[in-house]
Every structure is written in C-alpha cells, then in structure tokens.
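Enquirer: What follows is a single structure, and I will ask about it in a moment.
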Amino acid sequence: MTDPETLNKWRLILGKNSEGHIDFNGTEQQTQLFMSMENTLDFLYDMEYGEQIMRAERSAGTGASAPAAAQWIEKVRRLFPKRTVEILEKQALEHFGLTELLTDKKVLSKMEPNVDLLKTVLQFKNIMKSDVLAEARRIIRKVVDELTEKMQTDLRKSLIGKLNRSMPSNVRSMRNLDIKKTIRRNLKNYDRENDRLVLKNVYFSSRTKRYNKWRVIIAVDESGSMLDSVIYSAVMAGIFAKLPMIDTKLVIFDTSVVDLSGYADDPVEVLMGVQLGGGTNIAGAVNYCESLCSNPYETIYVVVTDLYEGGSSQHLLKSCSDIIGSGSKMVFLTALDRDANPAYDVNLGQKLADMGAFVGAMTPEQLGDHIGKMIM
C-alpha cells in the first residue's frame, strides 16, 4: 500500500482531476494545507487548458489581474519552499506570460531575486513604469551583488598576481615561509641513516605582488540569445574595473556600438542600459574597440558573442588579423556563464582560432584564470 505522503504528492501533481481517485491524507489541518497548495498550483496550471483565461475574461481581461497575481505570489511564498517558489515564478513568467508579475510594483517586490528573475526583468524593463522600474533596479542590484560576491574571490586570486618568489624577505614568519625552496635547497642535507631532512637553512619570500597595467577591452553582443553571457560579462567587468593592474573598457553592441566604459565598475547601470535583440555587427564593434587600444602589447580584447555575424565576415577576419598582428591578444567567448554551453558559428570560430585568437566558452572563473595567465 502506498504511504500517505506519496499519495499526497501524486494528488498535487495530478490536480483536482484526480479527485475521487486520490484524496489527500492526514489531519484536518494537513488536508487544508494541501488543498491550499493545490488551489495555488491550479491558478497557474489551469492556464494550460484555458480555464484561468476564461475566468479572467469574465472580469474584462485576458490574463490574471495584478491583484490576483499579488495574492498568488503571497500564497506561493507562504506554502512552498524557496526552490519551488523560484520554479513556479519562472514558469508563470516564461511559459504562461504572466507579465503582471513584473508590471506591478507590489507584486514584483514579493518575488524571489535570482538570476532567472533578473533575466526576465531585463527582457521586460522597457514596459515598466518608473515606480516599477525602481523596484526592478533593486532586484538587479541584489542579484548582481550576490553574483559578484560569489565570483570575485576566485577572480581576484587569478588576476591580482603571483607572489614574487625570486625576492628574498627579511621578515621571517610562517606566513612568508617558502616551503618549496626550503626543501629543494636542503635536499643535499638529507640524513639517510635516520630517514629525515635536516634543515640547515630556512628560506622566506617576499609577498610583493607584481602589477602590470593591462587594458582589457570587453565587447558584449546584446542579442537576445546572449542574455546569460551579458549578465556575467557585466559582473566580470565590474570586478575587473576594481583591480589595480587592469584598465577596463566595456562596450555593448548589436548593429551599433555603445561605450559603457564610464559605468564599467557598476554592473547595474550596465544592465539597465542593455537593449536586448536586434541585428549583430561584430566587425563594427571590433573596429571601435581597436580605437580604444593605446599599447597593443598590453591589450586584451574579450569579445562575447555567438559569432553569427550580420555584417561582413571578411571584414571581421581582416580586423582581427590586424589586431593580433599588432601584438594584442584576442579572446572570443561563445558563452560566459555558469554552464558555459556554447552555441556559435563554428566555421567562423575556426577561422578566428586559426589566426591566433582563443575561441570557446568559459565559466567566469575560467576566464579569470585565462586572463591571469596572459598578464602575469
């Protein structure tokens, strides 16, 4: 016999259509709780069969009203765990088009800030009124701060520089102990009879960092398919802009180029300036970035794009060939996010790789390590 907990889960999955075949089990209080959960799920999933739309049409609308959406959000957050809340909110927005969740300040303020909500906010920010837009900005700030906190430790470790082990230190402390050098220099003193290493000399190293002022020019394709990469690129640029050895330039592009270098240290302002969609002119963006280069030998171009060029591919290849020939380094990121799943023009990517550019998808940490190796 199936246990009551499993039966209750199946009733929630199947909904009220299973009434009479599977009933909720438990105390009266538990049964009332499950019925509330079922009603909350029905509000959303009845839309799959048009039932919710029919009810809404009778009240002079074609979707859930903002007050109804607000009540639904409150119930979801009260009845379900955080992860389930995130899934339900995402489906309400993406699958059922419940945009009332984003166009009413009260409703939006109750939603769970996360990357999925951030992506949806960026897609709909152009239809938001000023008071709702202020709430959207708060959500963007919260998610960006969380991403920055997660990413910056590993990135700073990769980029700030390696310890200069060649310089001896007068400060004899465990913190400055150069273990590898100490072992290597004392191997000749190994006591074979007692099977131990005799340390006649102990070496300490300087903790001075080596800073080289490099210019990193980040160009981000703002077409809709690159949304995840746009978010992570903005956060990455914000971290780069605060590092002492990097001069960060940031541009976003579609068929035109917008220079956001003045806002590179503020990912929120960058994301608020993004206009998703439109065509793509990668060659035009690369040409503009070339005008930002002052010292080719200490310049890295990072172009975040799926390489589906709307302009001339030959023009792009010629520009990249000139940049690489001048001594600069070029990185084409076909995806920059946690999953790093690339979807790009493989043929164009191969041609760029053949001329010396790095082409591939990376997580933020991998990009930090890659650039760290370039500049150290």
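Quick note on naming: the chains in the structure tokens go A, B, ... in the order shown, residues restart at 1 in each chain, and ligands are numbered from 1 in order of appearance.
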Can you list, as a list of chain:residue names, every protein, DNA or RNA residue that comes within 6 Å of region 251-259 of chain A when you count only C-alpha atoms, leaving out same-chain residues fewer than 6 positions away?
Expert: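 Surrounding residues, per the criterion: A:Ala219, A:Val220, A:Asp221, A:Glu222, A:Gly279, A:Thr280, A:Asn281, A:Ala285.
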Enquirer: With all heavy atoms kept, could you save the residues just selected as a JSON list (two decimals), in the first residue's frame?
Expert:
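Produced file again25.json, reproduced below:
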```
[["chain", "number", "residue", "atom", "x", "y", "z"],
["A", 219, "ALA", "N", 33.87, 43.54, -25.22],
["A", 219, "ALA", "CA", 32.78, 43.88, -26.14],
["A", 219, "ALA", "C", 31.71, 42.80, -26.03],
["A", 219, "ALA", "O", 32.01, 41.62, -26.23],
["A", 219, "ALA", "CB", 33.29, 44.00, -27.57],
["A", 220, "VAL", "N", 30.49, 43.18, -25.71],
["A", 220, "VAL", "CA", 29.44, 42.22, -25.42],
["A", 220, "VAL", "C", 28.30, 42.34, -26.42],
["A", 220, "VAL", "O", 27.70, 43.41, -26.58],
["A", 220, "VAL", "CB", 28.89, 42.41, -23.99],
["A", 220, "VAL", "CG1", 27.91, 41.29, -23.65],
["A", 220, "VAL", "CG2", 30.03, 42.44, -22.97],
["A", 221, "ASP", "N", 28.01, 41.25, -27.09],
["A", 221, "ASP", "CA", 26.89, 41.14, -28.02],
["A", 221, "ASP", "C", 25.59, 41.11, -27.21],
["A", 221, "ASP", "O", 25.39, 40.23, -26.37],
["A", 221, "ASP", "CB", 27.07, 39.84, -28.81],
["A", 221, "ASP", "CG", 25.99, 39.59, -29.84],
["A", 221, "ASP", "OD1", 24.96, 40.28, -29.81],
["A", 221, "ASP", "OD2", 26.17, 38.68, -30.68],
["A", 222, "GLU", "N", 24.70, 42.08, -27.43],
["A", 222, "GLU", "CA", 23.48, 42.16, -26.63],
["A", 222, "GLU", "C", 22.27, 41.54, -27.33],
["A", 222, "GLU", "O", 21.13, 41.84, -26.98],
["A", 222, "GLU", "CB", 23.17, 43.61, -26.25],
["A", 222, "GLU", "CG", 22.90, 44.54, -27.41],
["A", 222, "GLU", "CD", 22.50, 45.93, -26.98],
["A", 222, "GLU", "OE1", 22.33, 46.17, -25.76],
["A", 222, "GLU", "OE2", 22.35, 46.80, -27.86],
["A", 279, "GLY", "N", 19.93, 43.27, -34.71],
["A", 279, "GLY", "CA", 20.94, 42.60, -35.52],
["A", 279, "GLY", "C", 22.28, 42.56, -34.82],
["A", 279, "GLY", "O", 22.42, 42.92, -33.64],
["A", 280, "THR", "N", 23.30, 42.11, -35.54],
["A", 280, "THR", "CA", 24.63, 41.97, -34.98],
["A", 280, "THR", "C", 25.68, 42.39, -36.00],
["A", 280, "THR", "O", 25.70, 41.86, -37.12],
["A", 280, "THR", "CB", 24.91, 40.51, -34.55],
["A", 280, "THR", "OG1", 23.86, 40.07, -33.70],
["A", 280, "THR", "CG2", 26.23, 40.42, -33.80],
["A", 281, "ASN", "N", 26.54, 43.31, -35.59],
["A", 281, "ASN", "CA", 27.67, 43.70, -36.44],
["A", 281, "ASN", "C", 28.94, 43.60, -35.60],
["A", 281, "ASN", "O", 29.37, 44.56, -34.96],
["A", 281, "ASN", "CB", 27.48, 45.12, -36.96],
["A", 281, "ASN", "CG", 28.57, 45.54, -37.95],
["A", 281, "ASN", "OD1", 29.58, 44.85, -38.11],
["A", 281, "ASN", "ND2", 28.37, 46.65, -38.62],
["A", 285, "ALA", "N", 31.91, 46.44, -34.02],
["A", 285, "ALA", "CA", 32.29, 46.52, -32.62],
["A", 285, "ALA", "C", 33.80, 46.37, -32.44],
["A", 285, "ALA", "O", 34.43, 47.09, -31.67],
["A", 285, "ALA", "CB", 31.55, 45.46, -31.82]]
```
Enquirer: For Val304 (chain A), list every protein, DNA or RNA residue within 9 Å, evaluated using only C-alpha atoms, and leave out those in the same chain fewer than 4 positions away; present the list as an MDAnalysis selection string.
Expert: chainID A and resid 218:221 226 229:230 233 331:336
Enquirer: Using only C-alpha atoms, can you tell me which of A:Arg196, A:Ser294, A:Gly262, A:Arg11 comes closest to Gly238 (chain A)?
Expert: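 Using only C-alpha atoms, Gly238 (chain A) sits closest to A:Gly262.
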Enquirer: Could you make a table, as JSON lines, of the residues of region 110-155 of chain A that have an atom within 8 Å of an atom of region 362-370 of chain A, each with its nearest atom pair and distance in Å to one decimal, counting only C-alpha atoms, in chain and number order?
Expert:
```
{"residue": "A:Met151", "atom": "CA", "partner": "A:Glu365", "partner_atom": "CA", "distance": 7.1}
{"residue": "A:Asp154", "atom": "CA", "partner": "A:Glu365", "partner_atom": "CA", "distance": 6.4}
{"residue": "A:Leu155", "atom": "CA", "partner": "A:Gly368", "partner_atom": "CA", "distance": 5.1}
```
Enquirer: Using only C-alpha atoms, which residues sit within 7 Å of Glu38 (chain A) once same-chain residues fewer than 4 positions away are excluded, as a short mmCIF file (atom, residue, chain, number, x, y, z; two decimals) with all heavy atoms, in the first residue's frame?
Expert:
```cif
data_model
loop_
_atom_site.label_atom_id
_atom_site.label_comp_id
_atom_site.auth_asym_id
_atom_site.auth_seq_id
_atom_site.Cartn_x
_atom_site.Cartn_y
_atom_site.Cartn_z
N LEU A 12 -1.12 16.33 -5.67
CA LEU A 12 -0.68 17.66 -6.07
C LEU A 12 -0.21 17.68 -7.51
O LEU A 12 -0.43 18.65 -8.25
CB LEU A 12 0.45 18.15 -5.15
CG LEU A 12 0.05 18.55 -3.73
CD1 LEU A 12 1.29 18.89 -2.91
CD2 LEU A 12 -0.90 19.75 -3.75
N GLY A 15 -3.52 17.08 -9.69
CA GLY A 15 -4.50 18.14 -9.54
C GLY A 15 -5.89 17.62 -9.24
O GLY A 15 -6.10 16.43 -8.97
N PHE A 34 -2.79 21.09 2.17
CA PHE A 34 -2.62 20.52 0.83
C PHE A 34 -3.64 21.08 -0.15
O PHE A 34 -3.34 21.31 -1.33
CB PHE A 34 -2.72 19.00 0.88
CG PHE A 34 -1.47 18.32 1.40
CD1 PHE A 34 -1.49 17.58 2.57
CD2 PHE A 34 -0.28 18.44 0.70
CE1 PHE A 34 -0.35 16.96 3.03
CE2 PHE A 34 0.88 17.83 1.16
CZ PHE A 34 0.84 17.09 2.33
N ASP A 42 -3.28 25.28 -9.14
CA ASP A 42 -4.32 25.34 -10.17
C ASP A 42 -4.41 26.72 -10.80
O ASP A 42 -4.67 26.85 -12.01
CB ASP A 42 -5.68 24.97 -9.57
CG ASP A 42 -5.83 23.47 -9.37
OD1 ASP A 42 -5.00 22.73 -9.93
OD2 ASP A 42 -6.76 23.06 -8.67
#
```
Enquirer: Contacts of Leu271 (chain A) at 8 Å or less, counting only C-alpha atoms, minus same-chain residues fewer than 6 places along, as a list in words?
Expert: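 The contact residues come out as Leu122, Val230, Ile231 and Ala234 of chain A.
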Enquirer: Please, could you write that set of residues out with C-alpha atoms as an mmCIF file, in the first residue's frame?
Expert:
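Generated file (again-v4.cif):
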```cif
data_model
loop_
_atom_site.group_PDB
_atom_site.id
_atom_site.type_symbol
_atom_site.label_atom_id
_atom_site.label_comp_id
_atom_site.auth_asym_id
_atom_site.auth_seq_id
_atom_site.Cartn_x
_atom_site.Cartn_y
_atom_site.Cartn_z
ATOM 1 C CA LEU A 122 15.868 42.744 -18.359
ATOM 2 C CA VAL A 230 25.509 39.659 -20.971
ATOM 3 C CA ILE A 231 24.760 39.359 -17.243
ATOM 4 C CA ALA A 234 28.650 42.970 -16.779
#
```
